[in-house]
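Novice: One structure, pasted below without further comment.
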Amino acid sequence: MNNECESLIERKSITTVCIVIPCYNEAAVIEEAAKQLVMVYNKLIGQSMISPESKILFVNDGSLDQSWTLIKQQVDKNRLFAGLSLARNKGHQNALLAGLMIAKDIADAVISMDVDLQDDVSCIEQFIVKYLSGYDIVYGVRSARDTDSFFKRVTAESFYKLMKFLGVEIVFNHADYRLMSKRALAGLSEFKEVNLFLRGIIPQIGYPSTTVSYERKERFAGESKYPLKKMLSFAFNGITSFSIKPIRFVSMLGGISFLVSIIMLTYSMISYALGNTVSGWTSLGVSIWALGGLQLLAVGVVGEYIGKVYLETKRRPNYIIDQVIGLKYEKK
Ligand code: UDP
Ligand code: MG
């Protein structure tokens, strides 16, 4: 630890950190993740950089395997661990939110990460140093995507570019590996959306933020819980939750088709006047198809947004908590 870092630690009262880790059918990796994180915590506690009251909170997102049993074992073994079990599987984003909302009441700074050890645990120290120097949000940004398959790399990077094009503010190549201060989390809790896309919401909170770059590794064990279908629905959700450009685009297409139809009308009137009306059924057929397609597309896009409104108006809870172990928790 360098001098600058030491003086930062002295300046603030000792920080309580909580790492929040959503887990869905992750029995193959929980023990290893726990082992590595305890090593990191022991080092940081030894350096008095974080308080011994700090926690590592595993969120069991309705796993069907032994994940929850393994989490309970870790909590019994070491007081650094805590566990939260949701009543059923609600997906990565909701599981993460459930963990963050509990962690914000017990920690000064909260770090979210995946359990599969793809996120480099050695960055945790850098995250905390940045927090101590005054940043409320520290985004972990991947420096390279060498460990991803070609397909995942291309689709993921195109997704970030598309989001940018659509005017959605997200941090390029940042997944959900980040640190947030207590007040940033309080800000997050003000967002009452049911359609949760945390990467889009968090930059909206504001407060000073910075990035730390890291190399994302391969999954330690097990398989990705984001198959293509889930990835597409995640991307689609991200776009429609934050951008109304698709609706505008459809209206624009409608406008252009209307202009084209006026030109076509003029053209057919002139053709009629000149007596060349027999031919032309091909173009007619084509335009019927083109317009029909456009209309369906437009109705579909509008429907997507209406669907969103429908889900939001129901105000359903994002998750329901079954059990919390290893920390004091009062149901609000
Ligand atoms: N996850 C979850 N609920 C789900 C799907 C995933 O809590 O329904 C967790 C998963 O256990 C992991 C994190 O979310 O800790 C990210 O998932 P994964 O590593 O499979 O995604 P990838 O890195 O392949 O995009
Ligand atoms: Mg992963």
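Convention: chains lettered A, B, ... in structure tokens order; per-chain residue numbering from 1; ligands numbered from 1 as shown.
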Within range 72-246 of chain A, find each residue whose DSSP state, derived from the backbone, is strand (DSSP E or B), and express the selection as a VMD selection string.
Specialist: chain A and resid 81 to 86 109 to 112 137 to 142 174 to 181 209 to 214
Novice: Each residue of chain A lying at most 8 Å from ligand 1 should get a row with its shortest atom-to-atom pair and the distance in Å to one decimal, counting only C-alpha atoms and all ligand atoms; could you produce that, ordered by chain and increasing number, as JSON lines?
Specialist:
```
{"residue": "A:Ile21", "atom": "CA", "partner": "ligand 1", "partner_atom_place_in_ligand_line": "15 (O)", "distance": 6.2}
{"residue": "A:Pro22", "atom": "CA", "partner": "ligand 1", "partner_atom_place_in_ligand_line": "7 (O)", "distance": 4.1}
{"residue": "A:Cys23", "atom": "CA", "partner": "ligand 1", "partner_atom_place_in_ligand_line": "11 (O)", "distance": 3.5}
{"residue": "A:Tyr24", "atom": "CA", "partner": "ligand 1", "partner_atom_place_in_ligand_line": "11 (O)", "distance": 4.0}
{"residue": "A:Asn25", "atom": "CA", "partner": "ligand 1", "partner_atom_place_in_ligand_line": "11 (O)", "distance": 6.4}
{"residue": "A:Glu26", "atom": "CA", "partner": "ligand 1", "partner_atom_place_in_ligand_line": "11 (O)", "distance": 5.7}
{"residue": "A:Val59", "atom": "CA", "partner": "ligand 1", "partner_atom_place_in_ligand_line": "7 (O)", "distance": 7.2}
{"residue": "A:Asn60", "atom": "CA", "partner": "ligand 1", "partner_atom_place_in_ligand_line": "7 (O)", "distance": 6.8}
{"residue": "A:Asp61", "atom": "CA", "partner": "ligand 1", "partner_atom_place_in_ligand_line": "7 (O)", "distance": 5.0}
{"residue": "A:Gly62", "atom": "CA", "partner": "ligand 1", "partner_atom_place_in_ligand_line": "3 (N)", "distance": 7.9}
{"residue": "A:Asn89", "atom": "CA", "partner": "ligand 1", "partner_atom_place_in_ligand_line": "8 (O)", "distance": 6.0}
{"residue": "A:Lys90", "atom": "CA", "partner": "ligand 1", "partner_atom_place_in_ligand_line": "8 (O)", "distance": 6.0}
{"residue": "A:Gly91", "atom": "CA", "partner": "ligand 1", "partner_atom_place_in_ligand_line": "8 (O)", "distance": 3.4}
{"residue": "A:His92", "atom": "CA", "partner": "ligand 1", "partner_atom_place_in_ligand_line": "2 (C)", "distance": 3.7}
{"residue": "A:Gln93", "atom": "CA", "partner": "ligand 1", "partner_atom_place_in_ligand_line": "7 (O)", "distance": 7.3}
{"residue": "A:Asn94", "atom": "CA", "partner": "ligand 1", "partner_atom_place_in_ligand_line": "7 (O)", "distance": 7.9}
{"residue": "A:Ala95", "atom": "CA", "partner": "ligand 1", "partner_atom_place_in_ligand_line": "7 (O)", "distance": 5.5}
{"residue": "A:Leu96", "atom": "CA", "partner": "ligand 1", "partner_atom_place_in_ligand_line": "7 (O)", "distance": 7.0}
{"residue": "A:Met113", "atom": "CA", "partner": "ligand 1", "partner_atom_place_in_ligand_line": "15 (O)", "distance": 7.1}
{"residue": "A:Asp114", "atom": "CA", "partner": "ligand 1", "partner_atom_place_in_ligand_line": "15 (O)", "distance": 3.7}
{"residue": "A:Val115", "atom": "CA", "partner": "ligand 1", "partner_atom_place_in_ligand_line": "15 (O)", "distance": 4.1}
{"residue": "A:Asp116", "atom": "CA", "partner": "ligand 1", "partner_atom_place_in_ligand_line": "15 (O)", "distance": 5.7}
{"residue": "A:Gln118", "atom": "CA", "partner": "ligand 1", "partner_atom_place_in_ligand_line": "23 (O)", "distance": 7.0}
{"residue": "A:Arg219", "atom": "CA", "partner": "ligand 1", "partner_atom_place_in_ligand_line": "19 (O)", "distance": 7.1}
{"residue": "A:Glu223", "atom": "CA", "partner": "ligand 1", "partner_atom_place_in_ligand_line": "20 (O)", "distance": 6.4}
{"residue": "A:Ser224", "atom": "CA", "partner": "ligand 1", "partner_atom_place_in_ligand_line": "20 (O)", "distance": 3.4}
{"residue": "A:Lys225", "atom": "CA", "partner": "ligand 1", "partner_atom_place_in_ligand_line": "20 (O)", "distance": 3.3}
{"residue": "A:Tyr226", "atom": "CA", "partner": "ligand 1", "partner_atom_place_in_ligand_line": "21 (O)", "distance": 5.0}
{"residue": "A:Pro227", "atom": "CA", "partner": "ligand 1", "partner_atom_place_in_ligand_line": "24 (O)", "distance": 7.7}
{"residue": "A:Met231", "atom": "CA", "partner": "ligand 1", "partner_atom_place_in_ligand_line": "25 (O)", "distance": 7.9}
```
Novice: List as a list of chain:residue names the protein and nucleic acid residues near Glu218 in chain A, meaning an atom at most 10 Å away when only C-alpha atoms are counted, but skip any in the same chain fewer than 5 places from it.
Specialist: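 Surrounding residues, per the criterion: A:Asp116, A:Leu117, A:Gln118, A:Asp119, A:Arg145, A:Asp146, A:Thr147, A:Asp148.
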Novice: Please produce a file of those selected residues containing all heavy atoms, as a CSV table (one decimal), in the first residue's frame.
Specialist:
```csv
chain,number,residue,atom,x,y,z
A,116,ASP,N,-18.9,-16.1,-10.7
A,116,ASP,CA,-18.1,-17.0,-11.5
A,116,ASP,C,-16.6,-16.6,-11.6
A,116,ASP,O,-15.9,-17.3,-12.4
A,116,ASP,CB,-18.7,-17.2,-12.9
A,116,ASP,CG,-18.9,-15.9,-13.6
A,116,ASP,OD1,-18.3,-14.9,-13.1
A,116,ASP,OD2,-19.6,-15.8,-14.6
A,117,LEU,N,-16.2,-15.6,-10.9
A,117,LEU,CA,-14.8,-15.2,-10.9
A,117,LEU,C,-14.3,-14.6,-12.2
A,117,LEU,O,-13.1,-14.6,-12.4
A,117,LEU,CB,-13.9,-16.3,-10.4
A,117,LEU,CG,-14.2,-16.7,-8.9
A,117,LEU,CD1,-13.4,-17.9,-8.5
A,117,LEU,CD2,-13.8,-15.6,-7.9
A,118,GLN,N,-15.3,-14.2,-13.1
A,118,GLN,CA,-14.8,-13.6,-14.3
A,118,GLN,C,-14.3,-12.2,-14.0
A,118,GLN,O,-13.5,-11.6,-14.7
A,118,GLN,CB,-16.0,-13.5,-15.3
A,118,GLN,CG,-16.3,-14.8,-15.9
A,118,GLN,CD,-17.3,-14.6,-17.1
A,118,GLN,OE1,-18.5,-14.5,-16.9
A,118,GLN,NE2,-16.8,-14.7,-18.3
A,119,ASP,N,-14.9,-11.6,-13.0
A,119,ASP,CA,-14.5,-10.2,-12.6
A,119,ASP,C,-13.3,-10.4,-11.6
A,119,ASP,O,-13.3,-11.2,-10.7
A,119,ASP,CB,-15.6,-9.5,-11.8
A,119,ASP,CG,-16.9,-9.5,-12.6
A,119,ASP,OD1,-16.8,-9.4,-13.8
A,119,ASP,OD2,-18.0,-9.6,-12.0
A,145,ARG,N,-11.7,-8.3,-24.5
A,145,ARG,CA,-12.7,-9.4,-24.5
A,145,ARG,C,-12.1,-10.7,-25.1
A,145,ARG,O,-12.8,-11.4,-25.7
A,145,ARG,CB,-13.9,-8.9,-25.3
A,145,ARG,CG,-14.8,-8.0,-24.6
A,145,ARG,CD,-16.1,-7.8,-25.3
A,145,ARG,NE,-17.0,-7.0,-24.5
A,145,ARG,CZ,-18.0,-7.6,-23.7
A,145,ARG,NH1,-18.1,-8.9,-23.7
A,145,ARG,NH2,-18.8,-6.8,-23.0
A,146,ASP,N,-10.8,-10.9,-24.9
A,146,ASP,CA,-10.1,-12.0,-25.5
A,146,ASP,C,-10.8,-13.4,-25.0
A,146,ASP,O,-10.8,-14.3,-25.7
A,146,ASP,CB,-8.7,-12.1,-25.1
A,146,ASP,CG,-8.0,-10.8,-25.4
A,146,ASP,OD1,-8.5,-10.0,-26.2
A,146,ASP,OD2,-6.9,-10.5,-24.9
A,147,THR,N,-11.3,-13.4,-23.8
A,147,THR,CA,-11.8,-14.6,-23.2
A,147,THR,C,-13.2,-15.0,-23.7
A,147,THR,O,-13.7,-16.1,-23.5
A,147,THR,CB,-11.7,-14.6,-21.7
A,147,THR,OG1,-12.5,-13.5,-21.3
A,147,THR,CG2,-10.3,-14.6,-21.1
A,148,ASP,N,-13.8,-14.0,-24.4
A,148,ASP,CA,-15.2,-14.3,-24.9
A,148,ASP,C,-15.1,-15.0,-26.2
A,148,ASP,O,-14.2,-14.8,-26.9
A,148,ASP,CB,-15.9,-12.9,-25.1
A,148,ASP,CG,-16.5,-12.4,-23.8
A,148,ASP,OD1,-16.5,-13.2,-22.8
A,148,ASP,OD2,-17.0,-11.3,-23.8
```
Novice: Under the rule that only C-alpha atoms are counted, which of A:Tyr160, A:Phe220, A:Tyr310, A:Trp68 is the nearest residue to Glu32 in chain A?
Specialist: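 Among A:Tyr160, A:Phe220, A:Tyr310, A:Trp68, it is A:Phe220 that comes nearest to Glu32 in chain A.
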Novice: If you run DSSP on the backbone, which residues of range 212-281 of chain A are helix (DSSP H, G or I), as a VMD selection string?
Specialist: chain A and resid 228 to 242 245 to 274 281
Novice: May I have the residues within 9 Å of Ile111 in chain A as a ChimeraX atom specification, using only C-alpha atoms and disregarding those fewer than 4 positions away in the same chain?
Specialist: /A:17-21,100,124,127,138,177-181
Novice: Between CA of Ile14 in chain A and CA of Tyr207 in chain A, what is the distance, to one decimal in Å?
Specialist: 21.3 Å
Novice: Counting only C-alpha atoms and all ligand atoms, which of A:Lys229, A:Arg315, A:Lys182, A:Lys217 gets nearest to ligand 2?
Specialist: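 Of the candidates, the smallest distance to ligand 2 is held by A:Lys217.
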Novice: Using CA of Gln295 in chain A and CA of Ser261 in chain A as the two end points, give the distance in Å to one decimal.
Specialist: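 Computing the Euclidean distance for CA of Gln295 in chain A and CA of Ser261 in chain A yields 14.2 Å.
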Novice: Could you list, with a cut-off of 8 Å and counting only C-alpha atoms, the residues of range 32-55 of chain A near range 80-87 of chain A, each shown with its nearest atom pair and the distance in Å rounded to one decimal, rows sorted by chain and ascending number, as CSV?
Specialist:
```
residue,atom,partner,partner_atom,distance
A:Val38,CA,A:Leu80,CA,7.7
A:Pro52,CA,A:Leu80,CA,7.8
A:Glu53,CA,A:Leu80,CA,7.3
A:Ser54,CA,A:Leu80,CA,6.5
A:Lys55,CA,A:Leu80,CA,4.9
```
Novice: Interatomic distance between CA of Glu31 in chain A and CA of Lys328 in chain A?
Specialist: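 So the answer is 23.3 Å.
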Novice: Which residue out of A:Val309, A:Asp120, A:Asp65, A:Ser287 has the minimum interatomic distance to ligand 2 when only C-alpha atoms and all ligand atoms are used?
Specialist: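 Of the candidates, the smallest distance to ligand 2 is held by A:Asp120.
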Novice: Quick one: everything within 9 Å of Leu294 in chain A, counting only C-alpha atoms, minus sequence neighbours fewer than 3 positions away in the same chain. Send it as a PyMOL selection string.
Specialist: chain A and resi 250+253-254+257+289-291+297-299
Novice: Give me the residues near Val171 in chain A as a PDB file with C-alpha atoms, in the first residue's frame, where near means some atom within 8 Å (using only C-alpha atoms) and where sequence neighbours in that chain fewer than 3 positions away do not count.
Specialist:
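And here is the file that came out, result19.pdb:
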```
ATOM      1  CA  TYR A 139     -17.330   1.219 -12.786  1.00  0.00           C
ATOM      2  CA  VAL A 141     -14.556  -1.685 -17.287  1.00  0.00           C
ATOM      3  CA  HIS A 174     -18.983  -2.195 -18.201  1.00  0.00           C
ATOM      4  CA  ARG A 199     -26.441  -0.403 -16.330  1.00  0.00           C
ATOM      5  CA  PRO A 203     -25.376   6.609 -14.796  1.00  0.00           C
TER       6      PRO A 203
END
```
